[in-house]
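Here is the file input32.txt (compact mmCIF, C-alpha atoms).
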# COMPACT_ATOMS: atom_id res chain seq x y z
CA MET A 218 -22.84 -23.31 -3.16
CA THR A 219 -26.57 -23.29 -3.68
CA ALA A 220 -26.98 -19.58 -4.41
CA LYS A 221 -28.65 -18.69 -7.66
CA ASP A 222 -27.02 -16.33 -10.12
CA THR A 223 -30.18 -14.36 -10.92
CA SER A 224 -30.27 -11.99 -7.93
CA ILE A 225 -27.92 -10.46 -5.42
CA GLU A 226 -28.63 -9.59 -1.81
CA ALA A 227 -28.46 -5.90 -0.93
CA ARG A 228 -25.76 -6.41 1.69
CA ASP A 229 -23.56 -8.15 -0.89
CA TRP A 230 -23.32 -4.97 -2.96
CA SER A 231 -21.25 -3.43 -0.16
CA LEU A 232 -19.11 -6.58 -0.08
CA LEU A 233 -18.61 -6.32 -3.84
CA GLY A 234 -17.41 -2.76 -3.32
CA LEU A 235 -15.04 -3.94 -0.59
CA LEU A 236 -13.76 -6.77 -2.79
CA SER A 237 -13.10 -4.37 -5.66
CA VAL A 238 -10.98 -2.24 -3.32
CA LEU A 239 -9.09 -5.30 -2.03
CA TRP A 240 -8.37 -6.76 -5.46
CA GLY A 241 -7.99 -3.39 -7.15
CA GLY A 242 -5.53 -2.51 -4.42
CA SER A 243 -3.30 -5.42 -5.49
CA PHE A 244 -2.29 -3.46 -8.61
CA PHE A 245 -1.47 -0.47 -6.41
CA PHE A 246 0.55 -2.60 -3.96
CA ASN A 247 2.38 -4.24 -6.88
CA GLY A 248 3.32 -0.81 -8.19
CA VAL A 249 4.87 0.09 -4.83
CA VAL A 250 6.63 -3.22 -4.17
CA LEU A 251 8.09 -3.54 -7.67
CA ARG A 252 10.18 -0.43 -7.03
CA GLU A 253 12.45 -2.46 -4.74
CA LEU A 254 11.70 -6.15 -5.30
CA PRO A 255 11.77 -8.30 -8.46
CA PRO A 256 8.48 -9.82 -9.74
CA PHE A 257 8.77 -13.47 -8.69
CA THR A 258 9.89 -12.50 -5.19
CA VAL A 259 6.79 -10.31 -4.92
CA VAL A 260 4.54 -13.22 -5.87
CA PHE A 261 6.33 -15.57 -3.46
CA LEU A 262 5.87 -13.16 -0.55
CA ARG A 263 2.23 -12.60 -1.49
CA VAL A 264 1.17 -16.24 -1.52
CA ALA A 265 3.44 -17.41 1.32
CA LEU A 266 2.31 -14.72 3.77
CA ALA A 267 -1.34 -15.13 2.72
CA ALA A 268 -1.10 -18.89 3.35
CA LEU A 269 0.33 -18.28 6.82
CA MET A 270 -2.51 -15.88 7.58
CA LEU A 271 -5.18 -18.34 6.44
CA LEU A 272 -3.78 -21.37 8.29
CA PRO A 273 -5.21 -20.43 11.73
CA LEU A 274 -8.69 -20.30 10.18
CA LEU A 275 -8.36 -23.97 9.18
CA TRP A 276 -7.84 -24.86 12.82
CA LEU A 277 -10.69 -22.58 13.88
CA TYR A 278 -13.14 -24.22 11.45
CA ARG A 279 -11.63 -27.70 11.90
CA ILE A 280 -10.88 -28.25 8.21
CA ARG A 281 -8.51 -31.14 7.60
CA PHE A 282 -5.55 -31.15 5.23
CA PRO A 283 -5.74 -33.22 2.02
CA ALA A 284 -4.53 -36.81 2.36
CA GLY A 285 -1.51 -37.80 0.26
CA LEU A 286 -0.36 -36.58 -3.14
CA SER A 287 -3.68 -37.50 -4.77
CA GLY A 288 -5.48 -35.24 -2.32
CA TRP A 289 -3.11 -32.34 -3.00
CA ARG A 290 -3.05 -32.74 -6.80
CA PRO A 291 -6.20 -30.62 -7.50
CA PHE A 292 -4.94 -27.81 -5.29
CA ILE A 293 -1.56 -27.86 -7.00
CA ALA A 294 -3.28 -27.53 -10.38
CA ILE A 295 -5.55 -24.71 -9.17
CA GLY A 296 -2.66 -22.99 -7.41
CA LEU A 297 -0.67 -23.03 -10.65
CA LEU A 298 -3.48 -21.64 -12.83
CA ASN A 299 -5.15 -19.37 -10.27
CA ASN A 300 -2.12 -17.94 -8.46
CA VAL A 301 1.36 -18.81 -9.69
CA LEU A 302 0.88 -18.12 -13.40
CA PRO A 303 -1.51 -15.14 -13.31
CA PHE A 304 0.14 -13.40 -10.34
CA SER A 305 3.55 -13.79 -11.99
CA LEU A 306 2.32 -12.68 -15.42
CA ILE A 307 0.60 -9.62 -13.95
CA VAL A 308 3.54 -8.41 -11.84
CA VAL A 309 5.96 -8.88 -14.75
CA GLY A 310 3.43 -7.11 -16.97
CA GLN A 311 3.32 -4.23 -14.50
CA THR A 312 7.03 -3.63 -15.05
CA TYR A 313 5.99 -2.51 -18.57
CA ILE A 314 2.53 -0.93 -18.09
CA PRO A 315 0.77 1.07 -15.33
CA GLY A 316 -1.32 -0.70 -12.72
CA GLY A 317 -4.50 0.93 -13.99
CA LEU A 318 -4.06 -0.54 -17.46
CA ALA A 319 -3.16 -3.93 -15.96
CA SER A 320 -6.39 -3.88 -13.95
CA ILE A 321 -8.42 -3.07 -17.07
CA LEU A 322 -6.90 -6.05 -18.85
CA ASN A 323 -7.66 -8.19 -15.80
CA ALA A 324 -11.33 -7.29 -16.35
CA THR A 325 -11.27 -9.45 -19.50
CA THR A 326 -11.15 -12.56 -17.27
CA PRO A 327 -14.91 -13.30 -17.64
CA LEU A 328 -14.55 -13.03 -21.42
CA PHE A 329 -11.92 -15.76 -21.43
CA THR A 330 -13.92 -17.77 -18.90
CA VAL A 331 -16.99 -17.75 -21.17
CA VAL A 332 -14.95 -19.09 -24.08
CA VAL A 333 -13.14 -21.73 -21.99
CA MET A 334 -16.39 -22.98 -20.46
CA ALA A 335 -18.05 -23.20 -23.90
CA VAL A 336 -15.14 -25.06 -25.51
CA ALA A 337 -15.09 -27.51 -22.60
CA GLY A 338 -18.84 -28.08 -22.92
CA GLU A 339 -19.60 -26.70 -19.46
CA GLU A 340 -21.77 -23.78 -20.59
CA LYS A 341 -23.62 -22.95 -23.80
CA LEU A 342 -22.12 -20.13 -25.86
CA SER A 343 -25.26 -18.13 -26.69
CA ALA A 344 -25.53 -15.33 -29.25
CA ARG A 345 -25.56 -12.81 -26.41
CA ARG A 346 -22.36 -14.20 -24.96
CA ILE A 347 -20.69 -14.29 -28.37
CA ALA A 348 -21.59 -10.61 -28.80
CA GLY A 349 -20.18 -9.90 -25.37
CA VAL A 350 -16.89 -11.63 -26.17
CA VAL A 351 -16.57 -9.75 -29.47
CA ALA A 352 -17.31 -6.44 -27.72
CA GLY A 353 -14.71 -7.26 -25.09
CA LEU A 354 -12.08 -7.96 -27.74
CA VAL A 355 -12.93 -4.61 -29.35
CA GLY A 356 -12.28 -3.00 -25.98
CA VAL A 357 -8.86 -4.66 -25.80
CA ILE A 358 -8.05 -3.40 -29.32
CA ILE A 359 -9.01 0.12 -28.26
CA LEU A 360 -6.76 -0.18 -25.21
CA GLN A 361 -3.78 -1.16 -27.33
CA GLY A 362 -4.60 1.29 -30.09
CA GLY A 363 -4.49 -1.40 -32.78
CA ARG A 364 -0.77 -2.10 -32.25
CA PHE A 365 -0.41 -5.72 -31.12
CA GLY A 366 3.20 -6.28 -32.09
CA LEU A 367 5.99 -6.78 -29.58
CA GLN A 368 8.00 -3.74 -30.69
CA SER A 369 7.36 -1.92 -27.43
CA GLY A 370 7.43 -2.91 -23.80
CA GLN A 371 3.79 -1.86 -23.49
CA GLY A 372 2.72 -4.45 -26.05
CA LEU A 373 4.52 -7.17 -24.11
CA GLY A 374 2.98 -6.01 -20.83
CA ILE A 375 -0.51 -6.14 -22.34
CA LEU A 376 0.05 -9.66 -23.71
CA LEU A 377 1.29 -10.88 -20.32
CA CYS A 378 -1.79 -9.49 -18.54
CA LEU A 379 -4.11 -11.04 -21.14
CA ALA A 380 -2.35 -14.38 -20.64
CA ALA A 381 -3.04 -14.02 -16.90
CA ALA A 382 -6.74 -13.47 -17.62
CA PHE A 383 -6.77 -16.61 -19.78
CA SER A 384 -5.12 -18.56 -16.96
CA TYR A 385 -7.88 -17.44 -14.59
CA GLY A 386 -10.42 -18.76 -17.12
CA LEU A 387 -8.74 -22.16 -17.17
CA SER A 388 -8.62 -22.24 -13.36
CA ALA A 389 -12.38 -21.60 -13.20
CA LEU A 390 -12.97 -24.67 -15.37
CA LEU A 391 -10.61 -26.81 -13.32
CA ALA A 392 -12.09 -25.64 -10.02
CA ARG A 393 -15.60 -26.50 -11.20
CA ARG A 394 -14.52 -30.02 -12.16
CA LEU A 395 -12.11 -30.85 -9.35
CA LEU A 396 -13.09 -28.84 -6.27
CA SER A 397 -16.88 -28.57 -6.28
CA ASN A 398 -17.10 -30.41 -2.94
CA SER A 399 -14.19 -28.68 -1.21
CA PRO A 400 -14.90 -26.13 1.55
CA PRO A 401 -14.22 -22.60 0.22
CA LEU A 402 -11.81 -21.72 3.03
CA GLY A 403 -9.97 -25.01 2.53
CA THR A 404 -9.73 -24.40 -1.22
CA ALA A 405 -8.32 -20.91 -0.66
CA THR A 406 -5.76 -22.04 1.91
CA PHE A 407 -4.61 -25.23 0.22
CA GLN A 408 -4.12 -23.56 -3.15
CA MET A 409 -2.10 -20.83 -1.41
CA LEU A 410 0.11 -23.42 0.30
CA ALA A 411 0.68 -25.20 -3.02
CA SER A 412 1.39 -21.86 -4.70
CA ALA A 413 3.88 -20.90 -1.99
CA ALA A 414 5.77 -24.16 -2.51
CA MET A 415 5.96 -23.59 -6.27
CA MET A 416 6.98 -19.95 -5.95
CA THR A 417 9.71 -20.89 -3.46
CA VAL A 418 11.35 -22.87 -6.26
CA VAL A 419 10.74 -20.27 -8.98
CA ALA A 420 11.88 -17.24 -6.98
CA GLY A 421 14.82 -19.18 -5.55
CA LEU A 422 16.12 -20.30 -8.93
CA VAL A 423 15.48 -17.09 -10.88
CA GLU A 424 15.96 -14.22 -8.43
CA ARG A 425 17.68 -15.60 -5.28
CA PRO A 426 15.79 -13.26 -2.95
CA TRP A 427 18.11 -13.98 -0.02
CA LEU A 428 20.84 -12.07 -1.89
CA LEU A 429 18.69 -8.96 -2.48
CA PRO A 430 19.17 -5.83 -0.37
CA MET A 431 16.66 -5.41 2.42
CA PRO A 432 13.71 -3.30 1.17
CA GLY A 433 12.47 -0.27 3.07
CA ALA A 434 9.54 0.03 5.44
CA THR A 435 7.18 1.31 2.74
CA THR A 436 7.84 -1.76 0.61
CA TRP A 437 7.23 -4.11 3.52
CA LEU A 438 3.97 -2.37 4.36
CA ALA A 439 2.89 -2.82 0.73
CA VAL A 440 3.88 -6.51 0.84
CA ILE A 441 1.81 -7.02 3.99
CA GLY A 442 -1.11 -5.19 2.40
CA LEU A 443 -0.81 -7.33 -0.72
CA ALA A 444 -0.82 -10.57 1.29
CA ALA A 445 -3.26 -9.68 4.07
CA LEU A 446 -5.77 -7.47 2.25
CA SER A 447 -5.56 -8.27 -1.47
CA THR A 448 -5.11 -12.03 -0.99
CA ALA A 449 -6.11 -13.54 2.38
CA LEU A 450 -9.00 -11.20 3.26
CA ALA A 451 -10.06 -10.88 -0.39
CA TYR A 452 -10.51 -14.65 -0.66
CA ILE A 453 -12.67 -14.72 2.48
CA VAL A 454 -14.91 -11.93 1.11
CA PHE A 455 -14.99 -13.57 -2.33
CA PHE A 456 -16.18 -16.93 -1.02
CA GLN A 457 -18.74 -15.27 1.24
CA ILE A 458 -20.34 -13.52 -1.76
CA LEU A 459 -20.05 -16.69 -3.82
CA ARG A 460 -21.94 -18.74 -1.25
CA ARG A 461 -24.79 -16.24 -0.86
CA SER A 462 -25.24 -14.72 -4.31
CA GLY A 463 -23.54 -17.05 -6.78
CA ALA A 464 -20.72 -17.00 -9.32
CA THR A 465 -22.27 -14.65 -11.87
CA ASN A 466 -22.85 -11.96 -9.26
CA VAL A 467 -19.39 -12.16 -7.76
CA MET A 468 -17.94 -11.74 -11.27
CA LEU A 469 -19.44 -8.23 -11.31
CA VAL A 470 -16.50 -7.18 -9.14
CA THR A 471 -14.35 -7.17 -12.28
CA LEU A 472 -16.31 -4.13 -13.45
CA LEU A 473 -15.28 -2.23 -10.32
CA ILE A 474 -11.64 -3.33 -10.00
CA PRO A 475 -10.25 -1.23 -12.90
CA VAL A 476 -11.87 1.92 -11.52
CA THR A 477 -10.40 1.26 -8.06
CA ALA A 478 -6.93 0.48 -9.37
CA ILE A 479 -6.88 3.45 -11.74
CA LEU A 480 -7.90 5.86 -8.98
CA LEU A 481 -5.25 4.47 -6.62
CA GLY A 482 -2.60 4.61 -9.35
CA VAL A 483 -3.44 8.19 -10.36
CA LEU A 484 -3.96 9.62 -6.87
CA VAL A 485 -1.14 7.84 -5.03
CA LEU A 486 1.44 6.71 -7.61
CA GLY A 487 1.02 9.60 -10.02
CA GLU A 488 0.32 7.29 -12.98
CA LYS A 489 -1.40 8.67 -16.06
CA ILE A 490 -4.31 7.10 -17.93
CA SER A 491 -5.24 8.18 -21.45
CA LEU A 492 -8.69 8.85 -22.89
CA ARG A 493 -8.18 5.84 -25.20
CA GLU A 494 -7.65 3.55 -22.20
CA ILE A 495 -10.75 4.96 -20.50
CA ALA A 496 -12.76 4.32 -23.68
CA GLY A 497 -11.43 0.76 -23.84
CA ALA A 498 -12.43 0.20 -20.21
CA LEU A 499 -15.96 1.42 -20.91
CA VAL A 500 -16.30 -0.94 -23.88
CA ILE A 501 -15.03 -3.89 -21.82
CA GLY A 502 -17.46 -2.99 -19.03
CA SER A 503 -20.32 -2.89 -21.53
CA ALA A 504 -19.25 -6.32 -22.82
CA LEU A 505 -19.35 -7.78 -19.31
CA LEU A 506 -22.83 -6.35 -18.75
CA LEU A 507 -23.91 -7.87 -22.06
CA ILE A 508 -22.56 -11.28 -21.02
CA ASP A 509 -24.30 -10.98 -17.66
CA GLY A 510 -27.61 -10.29 -19.46
CA ARG A 511 -29.60 -8.74 -16.62
CA VAL A 512 -29.45 -5.19 -18.01
CA LEU A 513 -31.07 -6.42 -21.24
CA LYS A 514 -33.84 -8.07 -19.21
CA ILE A 515 -34.62 -4.76 -17.54
CA PHE A 516 -35.14 -3.06 -20.92
CA GLN A 517 -37.28 -5.97 -22.14
CA ARG A 518 -39.84 -5.51 -19.37
Produce structure tokens that represent the structure in this file.
Amino acid sequence: MTAKDTSIEARDWSLLGLLSVLWGGSFFFNGVVLRELPPFTVVFLRVALAALMLLPLLWLYRIRFPAGLSGWRPFIAIGLLNNVLPFSLIVVGQTYIPGGLASILNATTPLFTVVVMAVAGEEKLSARRIAGVVAGLVGVIILQGGRFGLQSGQGLGILLCLAAAFSYGLSALLARRLLSNSPPLGTATFQMLASAAMMTVVAGLVERPWLLPMPGATTWLAVIGLAALSTALAYIVFFQILRRSGATNVMLVTLLIPVTAILLGVLVLGEKISLREIAGALVIGSALLLIDGRVLKIFQR
């Protein structure tokens, strides 16, 4: 991970576009699967199938499994904060709000990451970043329309998706401290295996998926798409960009994900997005650009 965060290779822009489709598609796939399957079962299938798909790559690249409980402990922690909690919070949130809105809220992840890193002493919280965080919070307020109570299901769905974004911020801190020397493919696979083990318990206790009626072919295709495209392949693309162009550049994908998810939701699922939600998305996007800082440098030249 020696790539600098100040520039991005031209070929990685196409990969960022691909990654936005893969991760943006997860909100679309969730919307399809949730019609027939309960939330925790969806998450279990997502991480378990993705882990099975990534396992052959470990053999191909000769990456060894962690030794003992101490070796697995970091991956269990990352799996909890990076997969189990956020995936579960998002799919439950999507039972209350459209996938497009959920993807917009997911775009606040860098805002939470900036705050978490600053509080932990990992990164300096500059005036520019403070302004970016404030602008991002304004965008969230616009999305919700100033109503942050729990009177409606939409309010609860928004809070759940924001909690997922915060969990991603915590996982970024933990990954930096615990897994800086772990191979990217190994990190992706091991955290998926740990997540699958945890979701086996959660889904088994809460929803008993073995008692559910067998879903239709469309649902199974969406499950496979969620696991293969939005999880297994997305992680491979993510780590490839991360290695070549750095963490700041790969975070730019969050600007593209809401657009992808909204278009899929509107065109395929028939979901509706309001002008207020579009305005909130634009404000959040502007906040992320402000945090990134490179646009300001262009105008300063």
Which one is closest to Ile501 of chain A: A:Leu322, A:Ala337, A:Ile375, A:Ala434? Count all atoms listed in the file.
A:Leu322
Within 9 Å of segment 449-457 of chain A, counting only C-alpha atoms, which residues qualify if same-chain residues fewer than 5 places away don't, as a ChimeraX atom specification?
/A:229,232-233,235-237,239-240,264,266-268,270-271,401-402,405-406,443-444,462,467
Next, write the just-selected residues to a file, as a short mmCIF file (atom, residue, chain, number, x, y, z; two decimals), in the frame of the given file, keeping C-alpha atoms as the atom set.
data_model
loop_
_atom_site.label_atom_id
_atom_site.label_comp_id
_atom_site.auth_asym_id
_atom_site.auth_seq_id
_atom_site.Cartn_x
_atom_site.Cartn_y
_atom_site.Cartn_z
CA ASP A 229 -23.56 -8.15 -0.89
CA LEU A 232 -19.11 -6.58 -0.08
CA LEU A 233 -18.61 -6.32 -3.84
CA LEU A 235 -15.04 -3.94 -0.59
CA LEU A 236 -13.76 -6.77 -2.79
CA SER A 237 -13.10 -4.37 -5.66
CA LEU A 239 -9.09 -5.30 -2.03
CA TRP A 240 -8.37 -6.76 -5.46
CA VAL A 264 1.17 -16.24 -1.52
CA LEU A 266 2.31 -14.72 3.77
CA ALA A 267 -1.34 -15.13 2.72
CA ALA A 268 -1.10 -18.89 3.35
CA MET A 270 -2.51 -15.88 7.58
CA LEU A 271 -5.18 -18.34 6.44
CA PRO A 401 -14.22 -22.60 0.22
CA LEU A 402 -11.81 -21.72 3.03
CA ALA A 405 -8.32 -20.91 -0.66
CA THR A 406 -5.76 -22.04 1.91
CA LEU A 443 -0.81 -7.33 -0.72
CA ALA A 444 -0.82 -10.57 1.29
CA SER A 462 -25.24 -14.72 -4.31
CA VAL A 467 -19.39 -12.16 -7.76
#
Report as JSON lines: every residue of segment 218-310 of chain A with an atom at most 6 Å from segment 473-492 of chain A, its closest pair of atoms, and their distance in Å to one decimal, counting all atoms listed in the file, with rows sorted by chain and ascending residue number.
{"residue": "A:Ser237", "atom": "CA", "partner": "A:Ile474", "partner_atom": "CA", "distance": 4.7}
{"residue": "A:Val238", "atom": "CA", "partner": "A:Thr477", "partner_atom": "CA", "distance": 5.9}
{"residue": "A:Gly241", "atom": "CA", "partner": "A:Ala478", "partner_atom": "CA", "distance": 4.6}
{"residue": "A:Gly242", "atom": "CA", "partner": "A:Ala478", "partner_atom": "CA", "distance": 6.0}
{"residue": "A:Phe245", "atom": "CA", "partner": "A:Gly482", "partner_atom": "CA", "distance": 6.0}
Produce a file of the selected residues containing C-alpha atoms, as a PDB file, in the frame of the given file.
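Listed below is the output, part.pdb:
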ATOM      1  CA  SER A 237     -13.100  -4.370  -5.660  1.00  0.00           C
ATOM      2  CA  VAL A 238     -10.980  -2.240  -3.320  1.00  0.00           C
ATOM      3  CA  GLY A 241      -7.990  -3.390  -7.150  1.00  0.00           C
ATOM      4  CA  GLY A 242      -5.530  -2.510  -4.420  1.00  0.00           C
ATOM      5  CA  PHE A 245      -1.470  -0.470  -6.410  1.00  0.00           C
TER       6      PHE A 245
END
Would you mind listing what lies within 8 Å of Gly248 of chain A as a PyMOL selection string, with all atoms listed in the file counted and same-chain residues fewer than 4 positions away left out?
chain A and resi 244+252+311+315-316+486
Atomic distance atom CA of Gly317 of chain A - atom CA of Ser243 of chain A, expressed in Å with one decimal
10.7 Å
Between A:Ile347, A:Pro291, A:Pro400, A:Val333, smallest distance to Arg279 of chain A by only C-alpha atoms belongs to A:Pro400
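Near Leu342 of chain A, within 8 Å and counting only C-alpha atoms, sit Val331, Val332, Ala335, Arg346 and Ile347 of chain A; same-chain residues fewer than 3 positions away were not included.
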What's the separation between atom CA of Ser231 of chain A and atom CA of Val470 of chain A, in Å to one decimal place?
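Atom-to-atom, atom CA of Ser231 of chain A and atom CA of Val470 of chain A are spaced 10.8 Å apart.
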Scan for residues within 10 Å of the point (-17.3, -12.5, -19.5) in the coordinates of the file, using all atoms listed in the file, and reply as number ranges by chain.
A: 324-332, 346-347, 349-350, 353, 386, 465, 468-469, 471, 501-502, 504-509
Considering all atoms listed in the file, return as a ChimeraX atom specification whatever protein or nucleic-acid residues lie within 8 Å of Phe407 of chain A, sequence-local ones (same chain, fewer than 4 positions apart) excluded.
/A:268,282,289,292,403,411
Answer as a list in words, residues within 10 Å of (-8.1, 1.2, -20.8) using only C-alpha atoms:
Gly317, Leu318, Ala319, Ser320, Ile321, Leu322, Gly356, Val357, Ile358, Ile359, Leu360, Gln361, Gly362, Pro475, Ile479, Ile490, Ser491, Leu492, Arg493, Glu494, Ile495, Ala496, Gly497, Ala498, Leu499, Val500 and Ile501 of chain A
Store the residues of this selection in a file with C-alpha atoms, as a PDB file, in the coordinates of the input.
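Result saved to result_34.pdb:
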ATOM      1  CA  GLY A 317      -4.500   0.930 -13.990  1.00  0.00           C
ATOM      2  CA  LEU A 318      -4.060  -0.540 -17.460  1.00  0.00           C
ATOM      3  CA  ALA A 319      -3.160  -3.930 -15.960  1.00  0.00           C
ATOM      4  CA  SER A 320      -6.390  -3.880 -13.950  1.00  0.00           C
ATOM      5  CA  ILE A 321      -8.420  -3.070 -17.070  1.00  0.00           C
ATOM      6  CA  LEU A 322      -6.900  -6.050 -18.850  1.00  0.00           C
ATOM      7  CA  GLY A 356     -12.280  -3.000 -25.980  1.00  0.00           C
ATOM      8  CA  VAL A 357      -8.860  -4.660 -25.800  1.00  0.00           C
ATOM      9  CA  ILE A 358      -8.050  -3.400 -29.320  1.00  0.00           C
ATOM     10  CA  ILE A 359      -9.010   0.120 -28.260  1.00  0.00           C
ATOM     11  CA  LEU A 360      -6.760  -0.180 -25.210  1.00  0.00           C
ATOM     12  CA  GLN A 361      -3.780  -1.160 -27.330  1.00  0.00           C
ATOM     13  CA  GLY A 362      -4.600   1.290 -30.090  1.00  0.00           C
ATOM     14  CA  PRO A 475     -10.250  -1.230 -12.900  1.00  0.00           C
ATOM     15  CA  ILE A 479      -6.880   3.450 -11.740  1.00  0.00           C
ATOM     16  CA  ILE A 490      -4.310   7.100 -17.930  1.00  0.00           C
ATOM     17  CA  SER A 491      -5.240   8.180 -21.450  1.00  0.00           C
ATOM     18  CA  LEU A 492      -8.690   8.850 -22.890  1.00  0.00           C
ATOM     19  CA  ARG A 493      -8.180   5.840 -25.200  1.00  0.00           C
ATOM     20  CA  GLU A 494      -7.650   3.550 -22.200  1.00  0.00           C
ATOM     21  CA  ILE A 495     -10.750   4.960 -20.500  1.00  0.00           C
ATOM     22  CA  ALA A 496     -12.760   4.320 -23.680  1.00  0.00           C
ATOM     23  CA  GLY A 497     -11.430   0.760 -23.840  1.00  0.00           C
ATOM     24  CA  ALA A 498     -12.430   0.200 -20.210  1.00  0.00           C
ATOM     25  CA  LEU A 499     -15.960   1.420 -20.910  1.00  0.00           C
ATOM     26  CA  VAL A 500     -16.300  -0.940 -23.880  1.00  0.00           C
ATOM     27  CA  ILE A 501     -15.030  -3.890 -21.820  1.00  0.00           C
TER      28      ILE A 501
END
When you count all atoms listed in the file, which of these residues is closest to Ala381 of chain A: A:Gly338, A:Pro432, A:Pro426, A:Pro303?
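Answer, going by the shortest atom-to-atom distance: A:Pro303.
Proximity ranking of A:Val301, A:Val308, A:Ala414, A:Ala380 relative to Val250 of chain A places A:Val308 first, based on only C-alpha atoms.
If you look at atom CA of Ala445 of chain A and atom CA of Arg425 of chain A, they are 23.7 Å away from each other.
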With all atoms listed in the file as the basis for distance, which of A:Leu429, A:Cys378, A:Leu410, A:Ala439 is at the shortest distance from Leu272 of chain A?
A:Leu410
Could you tell me which of A:Leu269, A:Val355, A:Leu262, A:Leu251 comes closest to Ile441 of chain A if we count all atoms listed in the file?
A:Leu262
